[in-house]
>>> print(open('data.txt').read())   # compact mmCIF, C-alpha atoms
# COMPACT_ATOMS: atom_id res chain seq x y z
CA MET A 24 39.38 40.79 39.18
CA ILE A 25 37.02 43.79 39.24
CA TRP A 26 38.64 45.04 36.06
CA LEU A 27 38.18 41.66 34.44
CA THR A 28 34.46 41.67 35.29
CA PHE A 29 34.22 45.19 33.94
CA ILE A 30 35.86 44.24 30.67
CA MET A 31 33.66 41.16 30.36
CA ALA A 32 30.56 43.26 30.92
CA LEU A 33 31.71 45.62 28.17
CA VAL A 34 32.43 42.76 25.78
CA SER A 35 29.12 41.00 26.43
CA GLY A 36 27.11 44.19 25.81
CA PRO A 37 27.01 43.94 22.02
CA VAL A 38 26.19 40.23 22.23
CA TRP A 39 23.01 41.00 24.17
CA ALA A 40 22.11 43.72 21.75
CA GLY A 41 22.37 41.22 18.89
CA GLU A 42 19.70 38.99 20.41
CA ALA A 43 16.83 41.35 19.73
CA GLN A 44 17.43 41.42 15.98
CA PRO A 45 14.69 39.87 13.82
CA LEU A 46 15.34 36.43 12.40
CA GLY A 47 15.16 37.46 8.77
CA ASP A 48 17.71 39.95 7.55
CA ASP A 49 16.27 40.82 4.18
CA PRO A 50 13.50 43.44 4.56
CA ALA A 51 11.99 42.43 1.20
CA VAL A 52 11.60 38.83 2.41
CA GLU A 53 10.10 40.01 5.70
CA ALA A 54 7.63 42.23 3.87
CA ARG A 55 6.46 39.34 1.70
CA LEU A 56 6.27 37.06 4.75
CA LYS A 57 4.11 39.59 6.54
CA HIS A 58 1.88 40.01 3.51
CA LEU A 59 1.40 36.21 3.28
CA ALA A 60 1.18 35.52 7.00
CA VAL A 61 -1.87 37.72 7.55
CA GLU A 62 -3.76 35.55 5.04
CA LEU A 63 -2.81 32.29 6.74
CA ARG A 64 -4.35 30.80 9.84
CA CYS A 65 -2.43 29.51 12.80
CA LEU A 66 -3.53 25.89 13.19
CA VAL A 67 -3.03 25.85 16.95
CA CYS A 68 -4.69 29.07 18.02
CA GLN A 69 -7.34 29.05 15.37
CA ASN A 70 -8.52 32.64 15.51
CA GLN A 71 -5.09 34.10 15.02
CA THR A 72 -3.23 34.58 11.79
CA LEU A 73 0.19 33.14 11.26
CA ALA A 74 1.53 36.67 11.62
CA ASP A 75 0.00 37.19 15.08
CA SER A 76 0.67 33.84 16.66
CA ASN A 77 3.56 32.94 18.90
CA ALA A 78 2.76 29.22 18.93
CA PRO A 79 5.80 27.06 18.12
CA LEU A 80 4.05 25.64 15.06
CA ALA A 81 3.35 29.16 13.78
CA GLU A 82 7.03 29.98 14.21
CA ASP A 83 7.96 26.84 12.26
CA LEU A 84 5.50 27.67 9.52
CA ARG A 85 6.81 31.22 9.29
CA ARG A 86 10.31 29.79 8.96
CA GLU A 87 9.08 27.44 6.24
CA VAL A 88 7.34 30.30 4.39
CA ARG A 89 10.43 32.49 4.74
CA GLU A 90 12.56 29.74 3.20
CA MET A 91 10.13 29.37 0.32
CA ILE A 92 10.24 33.13 -0.28
CA VAL A 93 14.03 33.01 -0.35
CA LYS A 94 13.75 30.15 -2.87
CA ASP A 95 11.75 32.62 -5.00
CA MET A 96 8.51 30.65 -5.02
CA THR A 97 5.37 32.53 -6.00
CA ASP A 98 2.68 33.38 -3.43
CA LYS A 99 0.41 30.80 -5.03
CA GLU A 100 3.04 28.06 -4.78
CA ILE A 101 3.60 28.87 -1.11
CA VAL A 102 -0.11 28.90 -0.29
CA ASP A 103 -0.63 25.66 -2.24
CA PHE A 104 2.20 24.05 -0.26
CA LEU A 105 0.36 24.79 2.98
CA VAL A 106 -3.11 23.89 1.65
CA GLU A 107 -1.77 20.50 0.46
CA ARG A 108 -0.73 19.75 4.02
CA TYR A 109 -3.26 21.49 6.22
CA GLY A 110 -6.26 21.88 3.92
CA ASP A 111 -8.28 25.00 3.17
CA PHE A 112 -8.50 25.62 6.89
CA VAL A 113 -5.09 27.27 6.76
CA LEU A 114 -6.53 30.04 4.60
CA TYR A 115 -8.09 32.93 6.45
CA ARG A 116 -10.38 33.55 3.48
CA PRO A 117 -12.02 30.28 2.50
CA PRO A 118 -12.02 29.64 -1.27
CA LEU A 119 -15.31 29.54 -3.19
CA LYS A 120 -15.94 25.84 -3.81
CA ALA A 121 -18.84 23.41 -3.90
CA THR A 122 -18.40 22.67 -0.18
CA THR A 123 -18.21 26.32 0.81
CA THR A 124 -21.13 27.64 -1.25
CA LEU A 125 -23.38 27.82 1.79
CA LEU A 126 -20.72 29.79 3.64
CA TRP A 127 -20.40 32.35 0.86
CA VAL A 128 -23.97 32.49 -0.39
CA GLY A 129 -25.72 31.84 2.96
CA PRO A 130 -25.62 35.42 4.30
CA PHE A 131 -27.04 36.80 1.03
CA VAL A 132 -29.77 34.16 1.02
CA LEU A 133 -30.64 35.13 4.60
CA LEU A 134 -30.65 38.80 3.62
CA ALA A 135 -32.95 38.12 0.68
CA VAL A 136 -35.30 36.01 2.83
CA GLY A 137 -35.34 38.67 5.56
CA GLY A 138 -35.99 41.43 3.01
CA THR A 139 -38.83 39.50 1.36
CA VAL A 140 -40.46 38.80 4.73
CA LEU A 141 -40.13 42.46 5.69
CA VAL A 142 -41.70 43.69 2.42
CA ILE A 143 -44.57 41.18 2.66
CA THR A 144 -45.27 42.07 6.30
CA LEU A 145 -45.25 45.80 5.59
CA ARG A 146 -47.61 45.38 2.63
CA ARG A 147 -50.01 43.31 4.71
CA ARG A 148 -49.95 45.86 7.46
CA SER A 149 -50.77 48.74 5.13
CA GLN A 150 -53.71 46.71 3.82
CA LYS A 151 -54.97 46.19 7.38
CA VAL A 152 -54.91 49.85 8.27
CA VAL A 153 -57.95 51.01 6.29
CA ASP A 154 -60.47 53.71 7.05
CA VAL A 155 -63.17 52.36 9.29
CA PRO A 156 -66.23 54.61 9.19
CA VAL A 157 -67.08 56.03 12.58
CA THR A 158 -70.75 56.51 13.28
CA ASP A 159 -72.08 59.68 14.86
CA GLU A 160 -72.94 57.74 18.01
CA GLU A 161 -69.34 56.50 18.33
CA HIS A 162 -68.02 59.96 17.61
CA ARG A 163 -70.07 61.43 20.44
CA ARG A 164 -68.89 58.70 22.81
CA VAL A 165 -65.25 59.40 21.96
CA GLU A 166 -65.80 63.07 22.53
CA GLN A 167 -67.41 62.35 25.88
CA LEU A 168 -64.57 60.03 26.96
CA LEU A 169 -61.93 62.60 25.99
CA THR A 170 -63.54 65.50 27.86
CA GLU A 171 -64.77 63.67 30.93
CA GLY A 172 -62.00 61.10 31.23
CA GLY A 173 -64.45 58.20 31.11
CA LYS A 174 -65.74 58.76 34.68
CA HIS A 175 -69.31 57.80 33.81
CA SER A 176 -68.53 54.68 31.89
CA MET B 15 -51.69 29.04 15.52
CA ASN B 16 -50.20 30.11 12.21
CA ARG B 17 -48.59 33.09 13.94
CA PHE B 18 -46.41 30.81 16.04
CA LEU B 19 -45.74 28.14 13.46
CA LEU B 20 -43.12 30.10 11.51
CA PRO B 21 -40.99 31.34 14.46
CA LEU B 22 -41.25 27.90 16.02
CA SER B 23 -40.04 26.14 12.90
CA ILE B 24 -37.15 28.61 12.53
CA PHE B 25 -36.28 27.99 16.17
CA VAL B 26 -36.30 24.22 15.63
CA VAL B 27 -34.03 24.52 12.58
CA VAL B 28 -31.57 26.77 14.44
CA VAL B 29 -31.54 24.42 17.44
CA GLY B 30 -30.93 21.54 15.02
CA PHE B 31 -27.89 23.27 13.50
CA LEU B 32 -26.52 24.26 16.91
CA GLY B 33 -27.07 20.71 18.15
CA ILE B 34 -25.00 19.34 15.26
CA GLY B 35 -22.41 22.01 15.97
CA LEU B 36 -22.05 20.79 19.54
CA THR B 37 -21.07 17.31 18.39
CA LEU B 38 -18.29 18.65 16.16
CA ASN B 39 -14.80 19.30 17.42
CA PRO B 40 -13.38 22.54 15.98
CA ARG B 41 -9.89 21.32 16.88
CA GLU B 42 -10.18 18.48 14.42
CA ILE B 43 -9.23 19.78 11.04
CA PRO B 44 -9.83 17.18 8.32
CA SER B 45 -6.54 16.24 6.68
CA PRO B 46 -6.24 16.71 2.92
CA LEU B 47 -3.58 13.98 2.93
CA ILE B 48 -5.98 11.08 3.41
CA GLY B 49 -5.93 8.90 0.32
CA LYS B 50 -2.61 10.43 -0.74
CA ALA B 51 0.91 9.05 -0.60
CA ALA B 52 2.57 9.46 2.77
CA PRO B 53 5.23 12.19 2.38
CA GLU B 54 8.73 10.78 2.07
CA PHE B 55 11.36 11.54 4.67
CA SER B 56 14.64 10.14 5.83
CA GLN B 57 15.26 10.99 9.44
CA PRO B 58 17.94 9.86 11.88
CA GLN B 59 16.82 7.20 14.33
CA LEU B 60 16.52 8.00 18.02
CA TYR B 61 18.60 5.11 19.31
CA GLU B 62 21.02 4.80 16.41
CA PRO B 63 21.42 8.31 14.97
CA GLU B 64 23.75 7.08 12.24
CA LYS B 65 20.90 5.00 10.81
CA THR B 66 17.92 6.53 9.10
CA PHE B 67 14.22 5.82 9.19
CA SER B 68 12.14 6.24 6.06
CA PRO B 69 8.60 5.23 5.00
CA ALA B 70 10.20 3.57 1.96
CA ASP B 71 11.60 0.91 4.33
CA LEU B 72 8.03 -0.11 5.20
CA LYS B 73 6.54 -0.57 1.72
CA GLY B 74 4.32 -3.64 1.67
CA LYS B 75 3.38 -3.29 5.34
CA VAL B 76 0.44 -1.72 7.07
CA TRP B 77 1.82 0.46 9.83
CA LEU B 78 1.08 3.37 12.13
CA LEU B 79 3.15 6.52 12.30
CA ASN B 80 2.81 8.18 15.68
CA PHE B 81 4.09 11.72 16.23
CA TRP B 82 4.95 12.22 19.88
CA ALA B 83 7.25 14.13 22.18
CA SER B 84 8.46 13.82 25.74
CA TRP B 85 7.07 17.30 26.48
CA CYS B 86 3.58 16.43 25.30
CA SER B 87 1.01 15.56 27.94
CA GLY B 88 -1.45 13.99 25.49
CA CYS B 89 1.29 11.55 24.53
CA LYS B 90 1.51 10.41 28.14
CA THR B 91 -2.27 9.89 28.12
CA GLU B 92 -2.21 7.74 25.00
CA HIS B 93 0.97 5.89 25.87
CA PRO B 94 -0.64 2.91 27.68
CA VAL B 95 -2.93 2.45 24.66
CA LEU B 96 0.08 2.32 22.34
CA MET B 97 1.86 -0.13 24.67
CA GLU B 98 -1.19 -2.39 24.67
CA LEU B 99 -1.55 -2.20 20.89
CA ALA B 100 2.15 -2.92 20.36
CA LYS B 101 1.96 -5.90 22.72
CA SER B 102 -0.99 -7.34 20.80
CA GLY B 103 1.24 -7.43 17.70
CA GLN B 104 -1.64 -6.52 15.41
CA VAL B 105 0.05 -3.56 13.80
CA PRO B 106 3.53 -2.03 14.20
CA ILE B 107 3.67 1.53 15.52
CA TYR B 108 6.60 3.58 14.34
CA GLY B 109 7.40 6.69 16.31
CA MET B 110 8.41 10.16 15.22
CA ASP B 111 9.93 12.18 18.01
CA TYR B 112 8.62 15.64 17.21
CA LYS B 113 10.58 18.78 18.20
CA ASP B 114 12.16 17.09 21.16
CA GLN B 115 15.51 16.59 22.79
CA ARG B 116 17.17 13.26 22.24
CA ASP B 117 18.15 12.55 25.84
CA GLU B 118 14.72 13.54 27.15
CA ALA B 119 12.98 11.36 24.57
CA VAL B 120 15.18 8.37 25.45
CA GLY B 121 14.53 8.95 29.16
CA TRP B 122 10.78 9.17 28.57
CA LEU B 123 10.70 5.87 26.68
CA GLN B 124 12.87 4.23 29.33
CA ARG B 125 10.50 5.36 32.04
CA TRP B 126 7.16 4.58 30.40
CA GLY B 127 8.13 1.80 27.98
CA ASN B 128 8.85 1.77 24.26
CA PRO B 129 6.06 0.62 21.93
CA TYR B 130 8.02 1.49 18.78
CA PRO B 131 10.28 -0.87 16.77
CA VAL B 132 11.97 2.26 15.38
CA VAL B 133 11.74 5.91 16.37
CA GLY B 134 12.71 8.66 13.95
CA VAL B 135 13.79 12.11 15.11
CA ASP B 136 12.17 15.23 13.70
CA GLU B 137 13.99 17.90 15.61
CA ALA B 138 13.04 20.87 13.42
CA GLY B 139 9.42 19.77 12.95
CA ARG B 140 9.77 19.63 9.15
CA VAL B 141 8.43 16.09 8.80
CA GLY B 142 5.55 17.24 10.97
CA ILE B 143 4.78 20.10 8.58
CA ASN B 144 4.88 17.73 5.59
CA TYR B 145 2.36 15.50 7.35
CA GLY B 146 0.19 18.43 8.37
CA VAL B 147 0.83 17.87 12.08
CA TYR B 148 -0.42 20.75 14.19
CA GLY B 149 -0.36 19.22 17.63
CA VAL B 150 1.07 16.05 19.06
CA PRO B 151 0.05 13.28 19.43
CA GLU B 152 -1.12 12.54 15.93
CA THR B 153 -1.24 9.09 14.40
CA TYR B 154 -1.41 8.07 10.75
CA VAL B 155 -2.48 4.69 9.36
CA ILE B 156 -0.38 3.94 6.28
CA ASP B 157 -1.21 1.09 3.91
CA LYS B 158 0.94 -1.35 1.93
CA GLN B 159 1.28 1.06 -0.99
CA GLY B 160 2.47 3.80 1.34
CA MET B 161 -0.81 5.69 1.27
CA ILE B 162 -2.26 7.55 4.26
CA ARG B 163 -5.63 6.02 5.10
CA TYR B 164 -6.54 7.59 8.42
CA LYS B 165 -5.37 10.36 10.68
CA GLN B 166 -5.99 10.46 14.40
CA ILE B 167 -5.72 13.94 15.86
CA GLY B 168 -5.04 13.86 19.55
CA PRO B 169 -4.50 10.86 21.82
CA LEU B 170 -5.62 7.40 20.74
CA ASP B 171 -8.04 5.78 23.17
CA PRO B 172 -8.99 2.10 23.47
CA ASP B 173 -12.37 2.78 21.85
CA THR B 174 -10.88 4.41 18.74
CA VAL B 175 -8.32 1.63 18.45
CA ALA B 176 -10.97 -1.09 18.68
CA LYS B 177 -13.58 0.58 16.48
CA LYS B 178 -11.55 2.48 13.90
CA ILE B 179 -7.86 1.57 13.80
CA LEU B 180 -7.99 -2.23 14.06
CA PRO B 181 -10.88 -2.80 11.61
CA LEU B 182 -9.14 -0.51 9.13
CA VAL B 183 -5.81 -2.29 9.62
CA GLN B 184 -7.46 -5.69 9.05
CA GLN B 185 -9.16 -4.42 5.92
CA LEU B 186 -5.89 -2.98 4.60
CA GLU B 187 -3.99 -6.17 5.47
CA SER B 188 -6.39 -8.25 3.39
CA GLN B 189 -5.92 -6.06 0.32
>>> encode(input="data.txt", output="structure tokens")
Amino acid sequence: MIWLTFIMALVSGPVWAGEAQPLGDDPAVEARLKHLAVELRCLVCQNQTLADSNAPLAEDLRREVREMIVKDMTDKEIVDFLVERYGDFVLYRPPLKATTTLLWVGPFVLLAVGGTVLVITLRRRSQKVVDVPVTDEEHRRVEQLLTEGGKHS
Amino acid sequence: MNRFLLPLSIFVVVVGFLGIGLTLNPREIPSPLIGKAAPEFSQPQLYEPEKTFSPADLKGKVWLLNFWASWCSGCKTEHPVLMELAKSGQVPIYGMDYKDQRDEAVGWLQRWGNPYPVVGVDEAGRVGINYGVYGVPETYVIDKQGMIRYKQIGPLDPDTVAKKILPLVQQLESQ
């Protein structure tokens, strides 16, 4: 009985070892999957890419993408397949379209506005700081304040 | 006065944008499938696995396709709403058992009631992917021509049914 258990343990060893193997066997397919998956958003955990996420849907989508790679579809065909179903949201980099102009152009508009405001403000300030003539009387008073610390004022 | 006017107006604009942002739900991703033909499928039925369920069988009808699962808590929340809607007979609700186990799904419907005339089984979640499902429950309104007209993300509630689903169904029925 002990021997039987021992033999069984020996036999089951390789089976356990097999479990840790990655799902895809072809390294070329896996490399393309990885390359695509970092550009695709996981719909469930929205700030993760498809490559990072362990959500069941992400696993399913990776399986789907893997199958499309094996079918020799181009990257564009695969991405279009997902966009048709989930919309542009699935893309980590939103495409430049009429609806996303603000998203793409907005930061530059803000930068330009900020820059213009900065330049205008600086120019105004330099205009304000002009030489104001100091009279002799004022000069003496300043001198007095500096030496005596303003005790008599 | 003028000194404060500009920062104040910027503040008001920012508050306005943030206020709008608060009313939006980032979980709700607009579906690109609205106004497009409902993706075809032919899935085994839950109760009679030898029979299939396909949207082609329902051409000429306005119907709802509800993705659900026995493991999904939102489905339990919306279930009474579906039961009520099914009882009213205003629109048929067809079920799609998403990534579930057959015996558990049958048990769930036995326990809570079955609002569906037919339930299809999508064990691998492939139909779900074709419909852009990213979390159950999700419900689609499909018109007589087999076009998707509305997608509900998350549980249906009585308010949504009364204000969105039923008016839309009536409008589609009259077409």
>>> closest_residue(input="data.txt", among="A:Leu126, A:Ala74, A:Val52, A:Val155", to="Glu90 of chain A", atoms="only C-alpha atoms")
A:Val52
>>> closest_atom_pairs(input="data.txt", of="chain B", to="chain A", cutoff="7 Å", atoms="all atoms listed in the file", output="tab-separated table")
residue	atom	partner	partner_atom	distance
B:Ser45	CA	A:Tyr109	CA	6.2
B:Pro46	CA	A:Gly110	CA	5.3
B:Leu47	CA	A:Arg108	CA	6.5
B:Asn144	CA	A:Arg108	CA	6.2
B:Tyr145	CA	A:Arg108	CA	6.2
B:Gly146	CA	A:Arg108	CA	4.6
B:Tyr148	CA	A:Leu66	CA	6.1
>>> residues_around(input="data.txt", residues="Gln71 of chain A", least_positions_apart="6", cutoff="10 Å", atoms="all atoms listed in the file", output="PyMOL selection string")
chain A and resi 61+63-65+77+81+115
>>> atom_distance(input="data.txt", atom1="atom CA of Ile107 of chain B", atom2="atom CA of Ile179 of chain B")
11.7 Å
>>> residues_near_point(input="data.txt", point="(2.9, -2.2, 10.8)", cutoff="8 Å", atoms="all atoms listed in the file", output="PyMOL selection string")
chain B and resi 72+75-78+104-108
>>> residues_around(input="data.txt", residues="Glu98 of chain B", least_positions_apart="5", cutoff="10 Å", atoms="only C-alpha atoms", output="number ranges by chain")
B: 93, 103, 129, 172
>>> write_last_selection(input="data.txt", atoms="C-alpha atoms", output="PDB file, in the frame of the given file")
ATOM      1  CA  HIS B  93       0.970   5.890  25.870  1.00  0.00           C
ATOM      2  CA  GLY B 103       1.240  -7.430  17.700  1.00  0.00           C
ATOM      3  CA  PRO B 129       6.060   0.620  21.930  1.00  0.00           C
ATOM      4  CA  PRO B 172      -8.990   2.100  23.470  1.00  0.00           C
TER       5      PRO B 172
END
>>> atom_distance(input="data.txt", atom1="atom CA of Glu54 of chain B", atom2="atom CA of Ala70 of chain B")
7.4 Å
>>> atom_distance(input="data.txt", atom1="atom CA of Ala51 of chain A", atom2="atom CA of Lys94 of chain A")
13.1 Å
>>> axis_aligned_box(input="data.txt", around="segment 90-105 of chain B", padding_each_side="6 Å", output="lines of an AutoDock Vina configuration file")
center_x = -0.4
center_y = 1.5
center_z = 21.0
size_x = 17.1
size_y = 29.8
size_z = 26.3
>>> residues_around(input="data.txt", residues="Lys65 of chain B", least_positions_apart="6", cutoff="10 Å", atoms="all atoms listed in the file", output="list in words")
Ser56, Gln57, Pro58, Gln59 and Gly134 of chain B
>>> residues_around(input="data.txt", residues="Phe55 of chain B", least_positions_apart="6", cutoff="12 Å", atoms="all atoms listed in the file", output="ChimeraX atom specification")
/B:66-71,110,134-136,139-145
>>> residues_around(input="data.txt", residues="Asp114 of chain B", least_positions_apart="3", cutoff="12 Å", atoms="only C-alpha atoms", output="compact mmCIF listing (two decimals) with C-alpha atoms, in the coordinates of the input")
# COMPACT_ATOMS: atom_id res chain seq x y z
CA LEU B 60 16.52 8.00 18.02
CA PHE B 81 4.09 11.72 16.23
CA TRP B 82 4.95 12.22 19.88
CA ALA B 83 7.25 14.13 22.18
CA SER B 84 8.46 13.82 25.74
CA TRP B 85 7.07 17.30 26.48
CA CYS B 86 3.58 16.43 25.30
CA MET B 110 8.41 10.16 15.22
CA ASP B 111 9.93 12.18 18.01
CA ASP B 117 18.15 12.55 25.84
CA GLU B 118 14.72 13.54 27.15
CA ALA B 119 12.98 11.36 24.57
CA VAL B 120 15.18 8.37 25.45
CA GLY B 121 14.53 8.95 29.16
CA TRP B 122 10.78 9.17 28.57
CA GLY B 134 12.71 8.66 13.95
CA VAL B 135 13.79 12.11 15.11
CA ASP B 136 12.17 15.23 13.70
CA GLU B 137 13.99 17.90 15.61
CA ALA B 138 13.04 20.87 13.42
CA GLY B 139 9.42 19.77 12.95
CA VAL B 150 1.07 16.05 19.06
